[in-house]
file start.cif (mmCIF, C-alpha atoms and all ligand atoms)
data_work
loop_
_atom_site.label_atom_id
_atom_site.label_comp_id
_atom_site.auth_asym_id
_atom_site.auth_seq_id
_atom_site.Cartn_x
_atom_site.Cartn_y
_atom_site.Cartn_z
CA MET A 1 79.81 110.31 52.19
CA GLN A 2 76.31 108.77 51.98
CA GLU A 3 77.31 105.22 51.22
CA GLY A 4 74.39 102.82 51.09
CA PHE A 5 70.68 103.63 50.83
CA THR A 6 70.99 102.68 47.17
CA PRO A 7 67.96 102.39 44.87
CA LEU A 8 66.00 99.19 44.40
CA THR A 9 64.80 99.45 40.83
CA LYS A 10 62.06 97.36 39.23
CA ALA A 11 63.53 95.72 36.11
CA ASN A 12 60.73 96.49 33.67
CA HIS A 13 62.75 95.67 30.54
CA LEU A 14 64.65 92.63 31.81
CA SER A 15 61.65 90.89 33.39
CA PRO A 16 60.08 89.91 30.04
CA LEU A 17 63.49 89.13 28.53
CA LEU A 18 64.22 86.70 31.36
CA ASP A 19 60.63 85.45 31.51
CA LEU A 20 60.39 86.45 35.13
CA ASP A 21 57.40 88.20 36.72
CA TYR A 22 59.28 89.76 39.59
CA LEU A 23 62.79 91.19 39.31
CA TYR A 24 64.40 94.07 41.16
CA ILE A 25 67.90 95.46 40.85
CA LYS A 26 69.73 96.66 43.94
CA ASN A 27 71.89 99.28 42.31
CA GLU A 28 75.21 99.56 44.14
CA THR A 29 76.80 101.53 41.29
CA VAL A 30 75.62 104.78 42.88
CA ASN A 31 77.76 104.56 46.02
CA PRO A 32 80.33 107.38 46.57
CA THR A 33 83.08 105.42 44.78
CA TRP A 34 80.67 103.47 42.55
CA SER A 35 80.67 100.08 44.27
CA PHE A 36 79.23 98.40 47.38
CA LYS A 37 82.76 98.37 48.88
CA ASP A 38 82.05 101.79 50.42
CA ARG A 39 79.68 100.22 52.93
CA GLY A 40 82.36 98.03 54.49
CA THR A 41 85.08 100.64 54.08
CA TYR A 42 82.97 103.01 56.16
CA THR A 43 82.34 100.52 58.99
CA SER A 44 85.88 99.17 59.15
CA LEU A 45 87.40 102.66 58.95
CA GLN A 46 85.24 103.71 61.92
CA HIS A 47 86.55 100.68 63.80
CA ALA A 48 90.17 101.55 62.93
CA LEU A 49 89.68 105.13 64.14
CA SER A 50 87.96 103.99 67.34
CA LEU A 51 91.03 101.88 68.12
CA GLY A 52 93.30 104.88 67.59
CA TYR A 53 94.94 103.75 64.33
CA LYS A 54 96.72 106.51 62.39
CA SER A 55 96.99 104.59 59.14
CA ILE A 56 94.94 102.16 57.07
CA GLY A 57 95.66 99.94 54.13
CA THR A 58 94.15 97.43 51.76
CA LEU A 59 95.02 95.17 48.90
CA SER A 60 92.71 95.14 45.98
CA SER A 61 92.16 94.58 42.32
CA GLY A 62 90.36 97.87 41.95
CA ASN A 63 87.12 98.84 43.65
CA MET A 64 88.25 98.28 47.21
CA ALA A 65 91.45 100.22 46.55
CA VAL A 66 89.45 103.14 45.17
CA SER A 67 87.05 103.00 48.10
CA VAL A 68 89.74 102.82 50.80
CA ALA A 69 91.81 105.54 49.10
CA ALA A 70 88.79 107.86 49.00
CA TYR A 71 87.69 107.21 52.58
CA GLY A 72 91.28 107.45 53.84
CA ALA A 73 91.60 110.84 52.13
CA ARG A 74 88.31 111.98 53.62
CA ALA A 75 89.40 110.86 57.11
CA GLY A 76 92.76 112.56 56.60
CA ILE A 77 94.86 109.53 57.54
CA LYS A 78 97.77 107.79 55.88
CA THR A 79 96.50 105.23 53.38
CA LEU A 80 98.46 102.36 51.86
CA ILE A 81 97.17 100.57 48.78
CA LEU A 82 98.72 97.31 47.56
CA VAL A 83 97.64 96.30 44.07
CA SER A 84 98.42 93.30 41.95
CA ALA A 85 101.04 94.02 39.30
CA GLU A 86 98.67 92.50 36.73
CA LEU A 87 96.18 95.30 37.16
CA PRO A 88 95.65 97.16 33.86
CA PRO A 89 97.13 100.71 34.09
CA GLU A 90 93.73 102.27 33.37
CA LYS A 91 92.68 101.03 36.80
CA LEU A 92 95.47 102.83 38.68
CA ASN A 93 94.43 106.44 38.03
CA PRO A 94 91.02 106.18 39.72
CA ILE A 95 92.95 105.10 42.85
CA LEU A 96 95.81 107.60 42.54
CA ILE A 97 93.50 110.62 42.30
CA TYR A 98 93.00 110.26 46.09
CA ASN A 99 96.79 110.38 46.60
CA PRO A 100 97.39 107.22 48.65
CA ILE A 101 100.73 105.43 48.97
CA LEU A 102 100.34 102.87 46.18
CA ILE A 103 102.56 99.84 45.68
CA ARG A 104 102.23 97.32 42.85
CA VAL A 105 103.07 93.91 44.25
CA LEU A 106 104.53 91.09 42.20
CA GLY A 107 103.35 87.78 43.51
CA ASP A 108 100.46 85.56 44.44
CA TYR A 109 97.35 87.58 45.28
CA GLY A 110 96.13 84.97 47.75
CA GLN A 111 99.37 85.17 49.71
CA ILE A 112 99.48 88.97 49.73
CA TYR A 113 96.27 88.88 51.73
CA TYR A 114 97.85 87.05 54.67
CA GLU A 115 101.17 88.88 54.33
CA SER A 116 99.40 92.26 54.51
CA LEU A 117 97.66 91.34 57.77
CA LYS A 118 101.04 90.38 59.23
CA ILE A 119 102.75 93.58 58.06
CA GLY A 120 99.81 95.60 59.36
CA GLN A 121 100.17 94.11 62.81
CA GLU A 122 103.88 94.84 62.88
CA LEU A 123 103.67 98.40 61.51
CA GLY A 124 100.41 99.52 63.09
CA ILE A 125 98.41 99.71 59.87
CA TYR A 126 94.77 98.60 60.02
CA PHE A 127 94.18 96.58 56.85
CA LEU A 128 90.58 96.90 55.67
CA ASN A 129 90.74 93.73 53.57
CA SER A 130 87.93 92.06 51.68
CA ASP A 131 86.35 89.98 54.44
CA ILE A 132 87.61 91.33 57.76
CA PRO A 133 84.82 91.29 60.38
CA PHE A 134 84.02 95.01 60.32
CA ARG A 135 83.85 95.06 56.51
CA VAL A 136 81.40 92.15 56.63
CA GLU A 137 79.35 94.20 59.13
CA GLY A 138 79.04 96.91 56.47
CA SER A 139 77.59 94.46 53.95
CA LYS A 140 74.80 93.56 56.37
CA SER A 141 73.24 96.91 55.51
CA ILE A 142 72.42 95.59 52.02
CA ALA A 143 70.14 92.97 53.60
CA PHE A 144 68.62 95.51 56.01
CA GLU A 145 67.84 97.92 53.17
CA LEU A 146 66.33 95.19 51.00
CA CYS A 147 63.97 94.25 53.84
CA GLN A 148 62.91 97.86 54.30
CA GLN A 149 62.55 98.57 50.59
CA LEU A 150 60.42 95.45 50.06
CA ASN A 151 58.28 96.21 53.10
CA TYR A 152 59.74 93.22 54.96
CA LYS A 153 58.50 90.75 52.31
CA VAL A 154 61.69 88.83 51.67
CA PRO A 155 62.35 87.77 48.04
CA ASP A 156 62.84 84.12 47.08
CA PHE A 157 66.33 84.68 45.62
CA VAL A 158 69.06 87.26 46.17
CA ILE A 159 71.79 86.92 43.54
CA ILE A 160 75.28 88.13 44.47
CA PRO A 161 78.46 88.45 42.33
CA THR A 162 81.06 86.75 44.53
CA SER A 163 84.84 86.79 44.85
CA SER A 164 86.33 86.73 48.36
CA GLY A 165 82.89 85.89 49.77
CA GLY A 166 82.89 88.75 52.28
CA ASN A 167 79.90 90.55 50.83
CA ALA A 168 77.73 87.44 50.57
CA ARG A 169 78.61 86.54 54.18
CA GLY A 170 77.53 89.98 55.33
CA ILE A 171 74.24 89.84 53.44
CA ILE A 172 73.44 86.39 54.88
CA LYS A 173 74.30 87.69 58.36
CA GLY A 174 72.04 90.70 57.88
CA PHE A 175 69.04 88.59 56.88
CA LEU A 176 69.70 86.21 59.78
CA GLU A 177 69.72 89.05 62.30
CA PHE A 178 66.38 90.37 61.04
CA TYR A 179 65.00 86.82 61.03
CA GLU A 180 66.10 86.25 64.63
CA GLN A 181 64.40 89.51 65.62
CA LYS A 182 61.23 88.28 63.84
CA LEU A 183 61.25 91.29 61.52
CA ILE A 184 61.05 88.89 58.57
CA SER A 185 59.37 85.49 58.38
CA LYS A 186 61.81 83.66 56.10
CA LEU A 187 65.31 83.83 54.63
CA PRO A 188 65.90 84.31 50.91
CA ARG A 189 67.90 81.74 48.96
CA ILE A 190 71.31 83.32 48.41
CA VAL A 191 72.94 82.67 45.02
CA ALA A 192 76.70 83.29 44.87
CA VAL A 193 77.85 83.88 41.27
CA GLN A 194 81.38 83.49 39.95
CA LEU A 195 83.05 83.75 36.56
CA GLU A 196 83.90 80.36 35.00
CA GLY A 197 87.52 81.42 34.44
CA CYS A 198 88.06 81.80 38.19
CA ALA A 199 85.41 79.91 40.15
CA PRO A 200 86.97 78.23 43.21
CA ILE A 201 83.79 78.42 45.31
CA TYR A 202 81.64 77.08 42.46
CA GLN A 203 84.13 74.25 41.82
CA ALA A 204 84.06 73.16 45.46
CA TRP A 205 80.25 73.38 45.42
CA ILE A 206 79.74 71.09 42.43
CA ASP A 207 82.49 68.71 43.64
CA LYS A 208 80.74 68.60 47.03
CA GLN A 209 83.97 69.59 48.78
CA GLU A 210 83.95 71.29 52.16
CA LYS A 211 87.04 73.31 51.33
CA ILE A 212 87.95 75.35 48.30
CA SER A 213 91.15 74.80 46.31
CA ALA A 214 93.14 77.65 44.80
CA VAL A 215 92.62 78.26 41.07
CA LYS A 216 95.94 77.88 39.28
CA ASN A 217 95.56 80.05 36.18
CA PRO A 218 92.70 82.48 36.65
CA GLN A 219 91.39 83.74 33.30
CA ALA A 220 88.50 86.05 33.91
CA ILE A 221 87.35 89.18 32.14
CA ASP A 222 86.95 91.21 35.33
CA GLN A 223 89.39 91.07 38.25
CA ALA A 224 86.72 92.29 40.67
CA ILE A 225 85.40 88.74 40.97
CA ALA A 226 88.55 86.79 40.22
CA ASN A 227 90.10 85.99 43.58
CA PRO A 228 91.75 82.59 42.96
CA PHE A 229 91.77 81.69 46.67
CA PRO A 230 88.86 83.49 48.36
CA PRO A 231 89.56 83.93 52.09
CA SER A 232 85.87 83.55 52.98
CA GLY A 233 85.29 80.70 50.54
CA ASN A 234 85.02 77.90 53.10
CA GLU A 235 82.82 79.87 55.45
CA LEU A 236 80.54 80.87 52.59
CA LEU A 237 80.25 77.23 51.46
CA ARG A 238 79.15 76.27 54.98
CA LYS A 239 76.60 79.09 55.18
CA LEU A 240 75.13 78.41 51.74
CA LYS A 241 74.72 74.74 52.57
CA LYS A 242 73.15 75.50 55.94
CA TYR A 243 70.64 78.07 54.64
CA ASN A 244 69.65 76.48 51.33
CA GLY A 245 71.72 78.78 49.13
CA LEU A 246 73.56 77.83 45.97
CA VAL A 247 76.56 78.68 43.80
CA THR A 248 76.68 79.10 40.05
CA ALA A 249 79.14 80.37 37.44
CA VAL A 250 78.83 82.13 34.08
CA SER A 251 81.22 82.79 31.21
CA ASP A 252 82.96 86.05 30.32
CA TYR A 253 80.69 86.29 27.30
CA GLU A 254 77.58 85.92 29.44
CA ALA A 255 78.90 88.63 31.79
CA LEU A 256 79.29 90.98 28.82
CA GLN A 257 75.76 90.14 27.73
CA GLY A 258 74.59 90.89 31.27
CA GLN A 259 76.32 94.26 31.03
CA ARG A 260 74.39 95.05 27.83
CA MET A 261 71.15 93.89 29.42
CA LEU A 262 71.56 96.12 32.48
CA ALA A 263 72.10 99.08 30.17
CA LYS A 264 68.49 98.53 29.04
CA GLU A 265 67.49 99.59 32.55
CA GLY A 266 69.74 102.65 32.35
CA ILE A 267 72.43 101.08 34.54
CA PHE A 268 76.10 101.02 33.50
CA ALA A 269 77.59 98.10 35.44
CA GLN A 270 81.02 96.54 35.16
CA PRO A 271 81.01 92.92 33.85
CA ALA A 272 81.68 91.53 37.35
CA ALA A 273 78.54 93.24 38.60
CA ALA A 274 76.45 92.02 35.68
CA VAL A 275 77.04 88.32 36.37
CA SER A 276 73.98 88.42 38.63
CA ILE A 277 71.79 89.01 35.57
CA ALA A 278 73.65 86.35 33.57
CA ALA A 279 73.14 83.92 36.47
CA ILE A 280 69.40 84.56 36.57
CA ARG A 281 69.17 83.70 32.89
CA LYS A 282 71.11 80.48 33.48
CA LEU A 283 69.11 79.41 36.55
CA ARG A 284 65.86 80.31 34.79
CA LYS A 285 66.82 77.95 31.92
CA GLU A 286 67.76 75.26 34.42
CA GLY A 287 64.37 75.66 36.10
CA ILE A 288 65.89 76.48 39.49
CA ILE A 289 64.36 79.94 39.22
CA ASN A 290 60.83 79.83 37.81
CA GLN A 291 58.60 82.51 36.35
CA LYS A 292 56.98 83.23 39.70
CA SER A 293 60.22 83.36 41.70
CA ARG A 294 60.73 86.76 43.31
CA CYS A 295 64.31 87.79 42.52
CA VAL A 296 66.65 90.58 43.53
CA ALA A 297 69.87 90.96 41.52
CA LEU A 298 72.66 92.76 43.29
CA VAL A 299 74.59 94.95 40.85
CA THR A 300 77.80 95.50 42.75
CA GLY A 301 79.78 98.15 40.83
CA ALA A 302 79.75 100.64 37.96
CA GLY A 303 81.42 100.28 34.58
CA LEU A 304 83.06 103.65 34.14
CA LYS A 305 86.29 102.85 36.04
CA TYR A 306 86.90 99.93 33.72
CA SER A 307 85.97 101.30 30.32
CA GLY A 308 88.74 99.34 28.56
CA VAL A 309 86.61 96.21 28.67
CA LEU A 310 84.03 97.91 26.46
CA GLU A 311 86.34 97.24 23.50
CA LYS A 312 84.97 93.70 23.74
CA GLN A 313 81.40 94.91 23.24
CA LYS A 314 80.37 95.26 19.62
CA PHE A 315 78.75 98.68 19.65
CA SER A 316 77.45 100.18 16.42
CA PHE A 317 76.94 103.74 15.25
CA SER A 318 76.82 105.69 12.01
CA THR A 319 78.82 108.55 10.55
CA GLY A 320 77.49 110.98 7.95
CA LYS A 321 77.99 114.36 6.35
CA LEU A 322 75.90 117.25 7.64
CA LYS A 323 74.04 117.63 4.31
CA ASP A 324 73.02 113.94 4.39
CA LEU A 325 71.98 114.02 8.02
CA LYS A 326 68.22 114.15 7.59
CA GLY A 327 68.28 111.20 5.19
CA ILE A 328 70.45 109.10 7.49
CA ILE A 329 68.29 109.85 10.51
CA SER A 330 65.06 108.99 8.69
CA THR A 331 66.41 105.60 7.58
CA LYS A 332 67.55 104.92 11.18
CA PHE A 333 64.10 105.79 12.51
CA GLN A 334 62.44 103.44 10.03
CA ASP A 335 63.91 100.30 11.66
C1 LIG A 401 84.54 93.19 45.38
C2 LIG A 401 83.52 93.00 44.35
C3 LIG A 401 82.75 91.83 44.26
C4 LIG A 401 83.00 90.64 45.14
O1 LIG A 401 82.74 90.84 46.51
P1 LIG A 401 83.42 89.85 47.57
O2 LIG A 401 83.04 90.41 48.89
O3 LIG A 401 84.90 89.88 47.32
O4 LIG A 401 82.85 88.50 47.34
C5 LIG A 401 81.78 91.77 43.30
N1 LIG A 401 81.56 92.78 42.43
C6 LIG A 401 82.28 93.92 42.47
C7 LIG A 401 81.98 94.97 41.48
C8 LIG A 401 83.28 94.07 43.43
O5 LIG A 401 83.98 95.20 43.46
#
call {"tool": "encode", "arguments": {"input": "start.cif", "output": "structure tokens"}}
result
Amino acid sequence: MQEGFTPLTKANHLSPLLDLDYLYIKNETVNPTWSFKDRGTYTSLQHALSLGYKSIGTLSSGNMAVSVAAYGARAGIKTLILVSAELPPEKLNPILIYNPILIRVLGDYGQIYYESLKIGQELGIYFLNSDIPFRVEGSKSIAFELCQQLNYKVPDFVIIPTSSGGNARGIIKGFLEFYEQKLISKLPRIVAVQLEGCAPIYQAWIDKQEKISAVKNPQAIDQAIANPFPPSGNELLRKLKKYNGLVTAVSDYEALQGQRMLAKEGIFAQPAAAVSIAAIRKLRKEGIINQKSRCVALVTGAGLKYSGVLEKQKFSFSTGKLKDLKGIISTKFQD
């Protein structure tokens, strides 16, 4: 369905705001189901079909469910979607339109992950979960495209909203493969970004722990990056340490600000996807990113599926009678 090959857009408005000479946005909101998840759904679905599977499944807090439901429908195979019972109802309809078998599961999200793999093995369902190997393979294409789009001049920083860690692993793997083939002469510094209300990878990073601990009471504005026990967390920590990456976290409020900022570039991202912009602002203030640093912000998913969160934005508009319209408009155009 033409997943991938997404635009790399120069951030003309955000560059001066962030005091950064060089900033590009890799816009994953334009994938067939509006998030980068389609890349890995495509590759892992192909693997499932090549092995002769007749049904697929996933567990998700939203985007992956939508992606797997859509690709399962397109492939014409039975598709099982397990969602957390905490998911706001507005997020169910964009999954149900593709007519999968959907089950809301009460219980610990971290445990459902392992349980689903077990059930899949017993019932012959290929679970395309967040960080299974063939989904990670799909994420490599983000790195490949970035190299091509930047004419093989690798940026200094690639900033990635991170939850399970699968996407960041794939992107690191993609850059490494091009580096080993001598297509690029260096690796970018990978920045994994989490939300402060659910930041197990960040917590382990600042505590200098080798292993992540589960977050007890996750409180984050956007479930898409709120996995309390990320299955690829430990592996990502190892990779970031080995290749000079880093982890940071931003608040819900900063994510909402990031969402507003991306809109200045004409991009409607969900808050989870906008944390990359919020992280750049934070790292710029901390001096880790400087004015000359060449940055690419990955914007992982679109905002339309999750419009309920916009209630938290303070938008303004005017109302007026038709006969007063010209007067109202002229005052508006004076400021
Ligand atoms: C899934 C998702 C992420 C996190 O990706 P992981 O591979 O789980 O780390 C980030 N942003 C959006 C919009 C997502 O849907």
call {"tool": "closest_residue", "arguments": {"input": "start.cif", "among": "A:Pro94, A:Gly62, A:Gly166, A:Pro100", "to": "A:Lys78", "atoms": "all atoms listed in the file"}}
result
A:Pro100
call {"tool": "closest_residue", "arguments": {"input": "start.cif", "among": "A:Ala143, A:Val105, A:Ala192, A:Leu256", "to": "ligand LIG 401 (chain A)", "atoms": "all atoms listed in the file"}}
result
A:Ala192
call {"tool": "closest_residue", "arguments": {"input": "start.cif", "among": "A:Asp108, A:Asp222, A:Asp156, A:Glu196", "to": "ligand LIG 401 (chain A)", "atoms": "all atoms listed in the file"}}
result
A:Asp222
call {"tool": "residues_near_ligand", "arguments": {"input": "start.cif", "ligand": "ligand LIG 401 (chain A)", "cutoff": "6 Å", "atoms": "all atoms listed in the file", "output": "MDAnalysis selection string"}}
result
chainID A and resid 35 63 130 161:167 224:225 272:273 300:301
call {"tool": "residues_around", "arguments": {"input": "start.cif", "residues": "A:Gln121", "least_positions_apart": "4", "cutoff": "12 Å", "atoms": "only C-alpha atoms", "output": "list in words"}}
result
Tyr53, Ser55, Ile56, Gly57, Tyr114, Glu115, Ser116, Leu117, Ile125, Tyr126 and Phe127 of chain A
call {"tool": "closest_residue", "arguments": {"input": "start.cif", "among": "A:Ala214, A:Leu102, A:Ile77, A:Leu23", "to": "A:Val296", "atoms": "only C-alpha atoms"}}
result
A:Leu23
call {"tool": "closest_residue", "arguments": {"input": "start.cif", "among": "A:Leu45, A:Ile103, A:Cys198, A:Ile25", "to": "A:Glu137", "atoms": "all atoms listed in the file"}}
result
A:Leu45
call {"tool": "atom_distance", "arguments": {"input": "start.cif", "atom1": "atom CA of A:Lys216", "atom2": "atom CA of A:Ser60"}}
result
18.8 Å
